[in-house]
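Listing of upload-v3.tsv, TSV, C-alpha atoms
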```tsv
chain	number	residue	atom	x	y	z
D	1	MET	CA	84.21	129.01	87.27
D	2	ALA	CA	83.26	125.94	85.26
D	3	MET	CA	86.10	123.85	83.86
D	4	SER	CA	86.10	122.86	80.21
D	5	ARG	CA	86.26	119.19	79.31
D	6	ASP	CA	89.85	119.64	78.16
D	7	GLU	CA	90.79	121.15	81.48
D	8	VAL	CA	89.15	118.27	83.34
D	9	PHE	CA	90.98	115.78	81.13
D	10	GLU	CA	94.34	117.47	81.76
D	11	GLU	CA	93.77	117.40	85.51
D	12	VAL	CA	92.63	113.76	85.43
D	13	LYS	CA	95.72	112.97	83.37
D	14	ALA	CA	97.95	114.62	85.97
D	15	VAL	CA	96.25	112.57	88.71
D	16	LEU	CA	96.78	109.31	86.81
D	17	VAL	CA	100.39	110.13	85.92
D	18	ASP	CA	101.17	110.66	89.62
D	19	ALA	CA	99.07	107.81	90.98
D	20	LEU	CA	100.24	105.17	88.53
D	21	GLY	CA	103.72	106.43	87.70
D	22	LEU	CA	102.98	106.91	83.99
D	23	ASP	CA	104.33	109.00	81.16
D	24	GLU	CA	101.90	111.68	80.02
D	25	ASP	CA	101.49	110.25	76.53
D	26	GLU	CA	100.25	106.94	77.94
D	27	VAL	CA	97.10	108.61	79.24
D	28	THR	CA	94.62	108.74	76.38
D	29	GLU	CA	90.83	108.88	76.71
D	30	GLU	CA	90.54	105.31	75.40
D	31	ALA	CA	93.13	103.78	77.76
D	32	THR	CA	91.73	101.28	80.26
D	33	LEU	CA	92.88	101.82	83.82
D	34	MET	CA	93.73	98.20	84.57
D	35	GLY	CA	94.63	96.74	81.19
D	36	ASP	CA	96.52	99.63	79.64
D	37	LEU	CA	97.65	101.65	82.62
D	38	GLY	CA	98.32	98.83	85.07
D	39	ALA	CA	96.11	100.00	87.95
D	40	GLU	CA	95.54	97.59	90.87
D	41	SER	CA	92.79	97.73	93.46
D	42	ILE	CA	94.69	99.97	95.90
D	43	ASP	CA	95.43	102.35	93.04
D	44	PHE	CA	91.70	102.92	92.62
D	45	LEU	CA	91.50	104.24	96.17
D	46	ASP	CA	94.60	106.34	95.58
D	47	ILE	CA	92.97	107.77	92.45
D	48	VAL	CA	89.76	108.52	94.36
D	49	PHE	CA	91.69	110.38	97.07
D	50	ARG	CA	93.64	112.35	94.48
D	51	LEU	CA	90.53	113.26	92.46
D	52	GLU	CA	88.84	114.53	95.61
D	53	LYS	CA	91.83	116.74	96.34
D	54	ALA	CA	92.40	117.93	92.77
D	55	PHE	CA	88.79	118.86	92.06
D	56	GLY	CA	87.49	119.59	95.55
D	57	ILE	CA	84.73	117.02	95.15
D	58	LYS	CA	83.51	114.11	97.26
D	59	VAL	CA	83.83	110.75	95.52
D	60	PRO	CA	82.04	107.82	97.15
D	61	ARG	CA	84.12	104.92	95.86
D	62	GLU	CA	81.12	102.76	94.97
D	63	GLU	CA	79.89	105.49	92.63
D	64	LEU	CA	83.01	105.63	90.51
D	65	PHE	CA	83.91	101.94	90.70
D	66	PRO	CA	80.75	100.09	91.72
D	67	ALA	CA	81.53	96.71	90.16
D	68	GLU	CA	82.75	94.81	93.22
D	69	ASN	CA	79.51	95.01	95.17
D	70	LEU	CA	77.34	93.90	92.30
D	71	LEU	CA	79.26	90.86	91.14
D	72	ASN	CA	78.31	88.79	94.18
D	73	ASN	CA	74.64	89.01	93.29
D	74	PRO	CA	73.42	85.86	91.44
D	75	ASP	CA	70.60	87.85	89.82
D	76	TYR	CA	73.19	89.91	88.02
D	77	VAL	CA	75.77	87.29	87.07
D	78	SER	CA	75.19	83.92	85.47
D	79	ASN	CA	77.84	81.62	83.95
D	80	GLY	CA	80.43	84.34	84.15
D	81	LYS	CA	78.34	86.79	82.19
D	82	LEU	CA	76.12	89.65	83.23
D	83	THR	CA	72.41	88.89	82.95
D	84	ALA	CA	70.08	91.40	81.28
D	85	LYS	CA	69.12	92.56	84.74
D	86	GLY	CA	72.77	92.83	85.74
D	87	LEU	CA	73.64	94.84	82.68
D	88	GLN	CA	70.76	97.18	83.39
D	89	GLU	CA	71.96	97.65	86.97
D	90	PHE	CA	75.54	98.37	85.91
D	91	LYS	CA	74.36	100.89	83.34
D	92	ALA	CA	72.23	102.64	85.94
D	93	ARG	CA	75.12	102.74	88.43
D	94	MET	CA	77.71	103.85	85.88
D	95	PRO	CA	76.04	106.48	83.73
D	96	HIS	CA	79.45	107.94	82.90
D	97	THR	CA	80.52	104.74	81.14
D	98	ASP	CA	80.14	103.59	77.54
D	99	PHE	CA	78.69	100.05	77.44
D	100	SER	CA	78.15	99.78	73.67
D	101	GLU	CA	81.07	97.39	72.99
D	102	PHE	CA	80.73	95.49	76.23
D	103	GLU	CA	77.07	94.63	75.62
D	104	ALA	CA	77.96	92.36	72.70
D	105	ASP	CA	79.76	90.00	75.11
D	106	PRO	CA	79.00	90.88	78.74
D	107	ASP	CA	81.71	88.58	80.15
D	108	VAL	CA	82.53	89.70	83.71
D	109	ASN	CA	86.22	89.36	82.90
D	110	ARG	CA	85.78	92.18	80.42
D	111	LEU	CA	84.25	94.50	83.01
D	112	SER	CA	87.64	95.99	83.75
D	113	ASP	CA	87.74	97.29	80.17
D	114	LEU	CA	84.87	99.60	81.09
D	115	PHE	CA	87.06	101.63	83.39
D	116	THR	CA	88.67	103.95	80.89
D	117	VAL	CA	90.22	107.36	81.32
D	118	ARG	CA	87.18	108.71	79.47
D	119	SER	CA	84.80	107.23	82.05
D	120	VAL	CA	86.76	108.94	84.83
D	121	VAL	CA	86.68	112.27	82.98
D	122	ASN	CA	82.92	111.85	82.41
D	123	PHE	CA	82.42	111.05	86.06
D	124	VAL	CA	84.36	114.10	87.27
D	125	GLU	CA	82.54	116.33	84.80
D	126	SER	CA	79.15	115.15	86.02
D	127	LYS	CA	80.24	115.68	89.64
D	128	LEU	CA	81.46	119.20	88.88
D	129	ASN	CA	78.28	120.05	87.02
D	130	SER	CA	76.02	118.77	89.76
D	131	ALA	CA	77.99	120.78	92.32
D	132	ALA	CA	77.78	123.98	90.27
H	1	MET	CA	109.79	89.00	117.15
H	2	ARG	CA	108.97	92.09	115.20
H	3	TRP	CA	111.38	94.70	114.09
H	4	ILE	CA	110.36	98.06	115.42
H	5	TRP	CA	112.07	100.88	113.59
H	6	ILE	CA	111.02	103.77	115.77
H	7	ASP	CA	112.14	104.29	119.36
H	8	LYS	CA	109.39	106.55	120.65
H	9	PHE	CA	106.78	109.09	119.73
H	10	LEU	CA	107.49	112.76	120.40
H	11	GLU	CA	104.12	114.09	119.31
H	12	PHE	CA	100.80	112.44	118.58
H	13	GLU	CA	97.65	114.24	117.48
H	14	SER	CA	94.94	111.65	117.04
H	15	GLY	CA	93.72	111.38	113.45
H	16	ARG	CA	96.01	114.15	112.23
H	17	ARG	CA	99.75	113.89	112.68
H	18	ALA	CA	102.53	112.23	114.61
H	19	VAL	CA	106.26	112.63	115.10
H	20	ALA	CA	108.43	109.66	116.04
H	21	LEU	CA	112.13	109.46	116.79
H	22	LYS	CA	114.74	106.88	115.94
H	23	ASN	CA	118.34	106.69	117.10
H	24	VAL	CA	120.55	104.88	114.64
H	25	THR	CA	123.36	102.83	116.15
H	26	LEU	CA	126.15	100.55	115.05
H	27	ALA	CA	124.64	97.96	117.38
H	28	GLU	CA	122.20	97.31	114.51
H	29	GLU	CA	123.97	94.40	112.95
H	30	HIS	CA	122.79	94.91	109.39
H	31	LEU	CA	124.68	98.21	109.22
H	32	HIS	CA	127.94	96.25	109.24
H	33	ASP	CA	127.01	94.74	105.90
H	34	HIS	CA	125.26	97.80	104.53
H	35	PHE	CA	127.91	98.64	103.61
H	36	PRO	CA	131.26	97.27	104.87
H	37	GLY	CA	133.28	100.31	105.91
H	38	PHE	CA	130.40	102.64	105.03
H	39	PRO	CA	127.45	101.96	107.32
H	40	VAL	CA	124.21	103.71	106.32
H	41	MET	CA	120.61	103.01	107.27
H	42	PRO	CA	118.96	101.19	104.35
H	43	GLU	CA	116.35	103.29	102.58
H	44	CYS	CA	113.85	100.43	102.68
H	45	LEU	CA	114.03	100.49	106.49
H	46	MET	CA	113.36	104.22	106.47
H	47	ILE	CA	110.22	103.41	104.50
H	48	GLU	CA	109.36	100.77	107.10
H	49	ALA	CA	109.98	103.25	109.95
H	50	MET	CA	107.67	105.73	108.24
H	51	ALA	CA	105.12	102.96	107.65
H	52	GLN	CA	105.19	102.21	111.39
H	53	THR	CA	104.85	105.88	112.36
H	54	ALA	CA	102.07	106.58	109.87
H	55	GLY	CA	100.48	103.15	110.30
H	56	ILE	CA	100.07	103.61	114.06
H	57	LEU	CA	98.63	107.06	113.38
H	58	VAL	CA	96.11	105.58	110.93
H	59	GLY	CA	95.32	102.65	113.24
H	60	GLU	CA	94.73	104.84	116.26
H	61	ALA	CA	92.40	107.05	114.22
H	62	ARG	CA	90.03	104.05	114.06
H	63	HIS	CA	90.76	102.90	117.63
H	64	PHE	CA	92.86	99.99	116.33
H	65	GLU	CA	89.74	98.28	115.09
H	66	GLU	CA	91.12	97.97	111.57
H	67	LYS	CA	94.04	95.90	110.39
H	68	VAL	CA	96.16	98.53	108.73
H	69	ILE	CA	98.51	97.21	106.07
H	70	LEU	CA	100.96	99.14	103.94
H	71	ALA	CA	99.50	98.89	100.44
H	72	LYS	CA	101.42	101.34	98.31
H	73	VAL	CA	104.50	103.53	98.42
H	74	LYS	CA	103.24	106.59	96.58
H	75	GLN	CA	106.53	108.41	96.75
H	76	ALA	CA	109.91	107.82	98.36
H	77	VAL	CA	112.66	110.35	97.71
H	78	PHE	CA	115.92	110.32	99.64
H	79	HIS	CA	118.19	113.33	99.95
H	80	ASP	CA	120.96	112.17	102.25
H	81	PHE	CA	122.49	109.17	104.04
H	82	VAL	CA	121.58	108.32	107.61
H	83	ARG	CA	124.59	107.07	109.57
H	84	PRO	CA	125.25	105.51	112.97
H	85	GLY	CA	124.95	108.15	115.69
H	86	ASP	CA	122.25	110.04	113.82
H	87	THR	CA	118.92	110.82	115.40
H	88	ILE	CA	116.15	111.06	112.87
H	89	THR	CA	112.59	112.24	113.36
H	90	LEU	CA	109.71	110.89	111.31
H	91	HIS	CA	106.88	113.31	110.65
H	92	ALA	CA	103.68	111.74	109.36
H	93	GLU	CA	100.34	113.31	108.49
H	94	ILE	CA	97.06	111.76	107.44
H	95	GLU	CA	96.12	113.23	104.08
H	96	SER	CA	92.93	111.23	103.49
H	97	ILE	CA	91.13	108.53	105.38
H	98	ALA	CA	88.15	106.47	104.23
H	99	PRO	CA	86.49	103.27	105.47
H	100	GLU	CA	88.71	101.15	103.20
H	101	ALA	CA	92.03	102.94	103.22
H	102	ALA	CA	94.14	105.93	104.19
H	103	GLY	CA	96.79	108.06	102.54
H	104	THR	CA	99.64	109.70	104.46
H	105	THR	CA	102.43	112.14	103.70
H	106	GLY	CA	105.70	112.05	105.56
H	107	ARG	CA	109.11	113.60	105.98
H	108	ILE	CA	112.21	112.31	107.71
H	109	LEU	CA	114.48	114.94	109.22
H	110	ARG	CA	117.86	114.97	110.94
H	111	GLY	CA	117.75	118.17	112.94
H	112	ASP	CA	116.35	120.57	110.37
H	113	ASP	CA	117.81	118.75	107.37
H	114	LEU	CA	115.37	116.96	105.10
H	115	ILE	CA	116.47	113.35	104.65
H	116	ALA	CA	113.48	111.83	102.89
H	117	GLN	CA	109.92	112.39	101.71
H	118	ILE	CA	107.77	109.28	101.94
H	119	ASP	CA	104.07	109.21	101.04
H	120	LEU	CA	102.17	105.99	101.68
H	121	MET	CA	98.81	104.31	101.33
H	122	PHE	CA	97.39	101.88	103.83
H	123	SER	CA	94.58	99.41	103.32
H	124	HIS	CA	92.08	98.44	106.00
H	125	ILE	CA	92.31	94.85	104.89
H	126	ASP	CA	89.09	93.55	106.43
H	127	ARG	CA	87.34	95.83	103.95
H	128	ASN	CA	89.23	94.52	100.96
H	129	LEU	CA	87.45	94.51	97.64
H	130	ALA	CA	87.83	90.79	97.08
H	131	GLY	CA	85.93	89.99	100.28
H	132	LYS	CA	88.84	87.90	101.58
H	133	VAL	CA	88.57	87.01	105.25
H	134	PHE	CA	91.51	87.47	107.64
H	135	PRO	CA	92.02	86.15	111.19
H	136	GLU	CA	89.92	87.97	113.73
H	137	GLU	CA	92.72	89.00	116.09
H	138	ASN	CA	94.47	92.20	115.14
H	139	PHE	CA	97.87	90.82	114.20
H	140	VAL	CA	99.05	94.23	113.05
H	141	PHE	CA	98.85	96.18	116.27
H	142	THR	CA	100.62	94.03	118.79
H	143	ASP	CA	101.27	95.15	122.35
H	144	MET	CA	104.76	96.31	121.43
H	145	PHE	CA	103.39	98.74	118.88
H	146	ARG	CA	100.68	99.99	121.14
H	147	SER	CA	103.02	100.48	124.06
H	148	LEU	CA	104.83	103.09	121.97
H	149	LEU	CA	101.79	105.28	122.48
H	150	ALA	CA	101.84	105.10	126.27
H	151	GLY	CA	101.59	108.64	127.57
H	152	PHE	CA	99.97	109.95	124.40
H	153	VAL	CA	96.75	108.00	124.10
H	154	PRO	CA	94.72	106.93	127.13
H	155	SER	CA	94.78	103.17	127.69
H	156	ALA	CA	97.58	102.57	125.18
H	157	GLY	CA	100.21	100.13	126.30
H	158	GLN	CA	98.16	98.55	129.02
H	159	GLU	CA	95.85	95.65	128.45
H	160	SER	CA	92.65	95.91	130.40
H	161	THR	CA	92.37	93.15	132.97
H	162	PRO	CA	89.01	91.47	133.42
```

Could I get this file's structure written as structure tokens?
Amino acid sequence: MAMSRDEVFEEVKAVLVDALGLDEDEVTEEATLMGDLGAESIDFLDIVFRLEKAFGIKVPREELFPAENLLNNPDYVSNGKLTAKGLQEFKARMPHTDFSEFEADPDVNRLSDLFTVRSVVNFVESKLNSAA
Amino acid sequence: MRWIWIDKFLEFESGRRAVALKNVTLAEEHLHDHFPGFPVMPECLMIEAMAQTAGILVGEARHFEEKVILAKVKQAVFHDFVRPGDTITLHAEIESIAPEAAGTTGRILRGDDLIAQIDLMFSHIDRNLAGKVFPEENFVFTDMFRSLLAGFVPSAGQESTP
């Protein structure tokens, strides 16, 4: 049976509360994983493992968090900012993510702000829908 | 020298689960200070013992080709003290394993009594996200560690001679 968006959010919230040792009210859709919720790189893998278990889906890490592989490409990054081509590539790789604010100043240091709870919920939803 | 906090393996199922045993003794000098008149095995060393049990399990699953480093203590809950004279068994299972990392669940028992639940995450550090390069030799799995597996895994504990 298909899960509603609220149900997906609640399950994602439970995953993040356990993985990052949070209080439930800290996990809002807008919260950024690194900035607001304090996630570090190993936590991302922990979150991936937990999402796979909680939702019974397969999560290739580079699909949910593709940034690392792309940042080494000089076509995509110039003077610490994403190039037009880079931005296009990130958007294509991360369809579950909202780039509207980021586009105004595509500083690579702000990339981490893209990883919000909402983007994770969107990602899981799209995975569940494509599996259905 | 490396501190080894398990004495031997009792069971070892490659890529799945392992059980190790440790005898706790007053010959371990730190117990005299932890605490004076009330010696108990420090909880942090129980985490280390579990990390060694589960870490060897994770390492063997990839034929010791990865450098397996404890990256995160997901959970560590302790229910009772471990005292000199106790024999504890460490039960570790691989929950998830991927090219970059592995997650394990574990329990420490004394007889049938649950002493601790310790869930860990290990990183395969040569596949770290930052692209940092580490020395080529596998400094994690030294001969001492691998010799613990003698009798369970073919070729463990003996270096091949040219």

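Interface residues on chain H toward chain D (cut-off 10 Å, all atoms listed in the file): Ala71, Lys72, Lys74, Gln75, Glu95, Ser96, Ile97, Ala98, Glu100, Ala101, Ala102, Gly103, Leu120, Met121, Phe122, Ser123, Asn128, Leu129, Ala130 and Gly131 of chain H.
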
Report as an MDAnalysis selection string all protein, DNA and RNA residues lying within 12 Å of D:Gly38, evaluated on only C-alpha atoms, omitting residues in the same chain fewer than 6 positions from it. chainID D and resid 16:17 19:22 26:27 31:32 44 112:113 115:116

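Atom CA of D:Ile57 lies 17.3 Å from atom CA of H:Pro99.
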
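You can rank D:Thr83, D:Asn73, D:Asn122, D:Ser78 by their closest distance to D:Pro95 using only C-alpha atoms, and at the top of that list sits D:Asn122.
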
Using Å and a single decimal, report how far atom CA of H:Gln52 sits from atom CA of H:Asp112. 21.5 Å

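The neighbours of H:Ala76 here are the residues that come within 8 Å of it, using all atoms listed in the file and leaving out any residue fewer than 5 positions away in the same chain; they are Ile47, Ala116, Gln117, Ile118 and Asp119 of chain H.
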